[in-house]
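**Student:** Got a structure here, written out as C-alpha cells. Questions coming.
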Amino acid sequence: MRIQLWEPPKRRLRIKNRTRLVVFLLIVLLTILAFIIPKQGVSQVNYVPYKVGYGEYYWHIAKRLQEAGYKKDIRDIVDELIQKSGIPAHELREGDIIYIPDLKVNEEVEGQ
C-alpha cells in the first residue's frame with residue numbers, strides 16, 4: 001500500500017462575485033487595447049518659428065491664428081502652442097522663439 005503525502009484539493013474554483021470579475025476583465029481588456037491600437041489623427045500641420053513681440057502672450061497669438069483661419073478652439077490652440085514651443089505661459093517673454101502653425105501650408109493641404 002502506498003501512502004500519498006499530498007492530495008490535490010477536491011473543491012472546484014468558484015466565481016463568488018461576477019460583477020468584480022467582469023469589471024476586472026474589462027479593465028484588463030481596455031488596458032491591452034490602449035497599447036495595441038495606434039494613435040489616430042496624425043497631424044499634417046507644419047510649424048514655423050515666430051518671435052514673440054512686446055506685450056504678446058499665447059492667448060493673443062492664438063486669437064490672431066484663429067482669425068486668420070486656423071479652425072480650432074482657442075484653448076486648444078494655446079495648449080498646442082505651449083506644447084510645441086516648450087515654454088510655459090508664465091515664462092513667455094519678448095524675443096522668445098515659439099512655433100506656430102504655418103497657415104499657408106495648411107490651406108494648400110485642405111484644398112487638395
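Chain identifiers are assigned as A, B, and so on, following the order in which chains appear in the C-alpha cells; residues are numbered from 1 within each chain, and ligands are numbered from 1 in order of appearance.
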Got a sec: who's within 6 Å of stretch 89-105 of chain A, counting only C-alpha atoms, leaving out chain neighbours fewer than 2 positions off, as number ranges by chain?
**Tutor:** A: 46-54, 85, 107-108
**Student:** Based on the backbone DSSP call, show me all residues of chain A assigned strand (DSSP E), as a PyMOL selection string.
**Tutor:** chain A and resi 47-51+97-101
**Student:** For the atom pair atom CA of A:Thr19 and atom CA of A:Thr31, what is the interatomic distance in Å to one decimal place?
**Tutor:**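 Here the two named atoms are 18.3 Å from each other.
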**Student:** What does the distance from atom CA of A:Lys16 to atom CA of A:Val28 come to in Å, to one decimal?
**Tutor:** 19.1 Å
**Student:** In Å to one decimal, how far is atom CA of A:Gln44 from atom CA of A:Val78?
**Tutor:**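 So the answer is 18.1 Å.
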**Student:** Apply DSSP to the backbone of this structure and, from stretch 8-58 of chain A, keep only the residues in alpha helix (DSSP H); write these as a list in words.
**Tutor:**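 Residues meeting the alpha helix (DSSP H) criterion: Arg18, Thr19, Arg20, Leu21, Val22, Val23, Phe24, Leu25, Leu26, Ile27, Val28, Leu29, Leu30, Thr31, Ile32, Leu33, Ala34, Phe35, Ile36 and Tyr58 of chain A.
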**Student:** I need the residues from that last selection saved to file as a tab-separated table (two decimals), in the first residue's frame (with C-alpha atoms), if you can.
**Tutor:**
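That gives us out-v6.tsv:
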chain	number	residue	atom	x	y	z
A	18	ARG	CA	-19.39	38.13	-11.11
A	19	THR	CA	-19.51	41.92	-11.16
A	20	ARG	CA	-15.94	42.21	-9.89
A	21	LEU	CA	-14.79	39.64	-12.42
A	22	VAL	CA	-16.45	41.48	-15.31
A	23	VAL	CA	-15.03	44.84	-14.20
A	24	PHE	CA	-11.56	43.34	-13.81
A	25	LEU	CA	-11.69	41.72	-17.24
A	26	LEU	CA	-12.90	44.96	-18.85
A	27	ILE	CA	-10.06	46.93	-17.27
A	28	VAL	CA	-7.51	44.38	-18.48
A	29	LEU	CA	-9.01	44.37	-21.98
A	30	LEU	CA	-9.08	48.17	-22.23
A	31	THR	CA	-5.50	48.42	-20.99
A	32	ILE	CA	-4.34	45.95	-23.61
A	33	LEU	CA	-6.28	47.74	-26.36
A	34	ALA	CA	-4.82	51.10	-25.33
A	35	PHE	CA	-1.33	49.79	-26.09
A	36	ILE	CA	-2.27	47.89	-29.24
A	58	TYR	CA	-0.19	82.88	-26.08
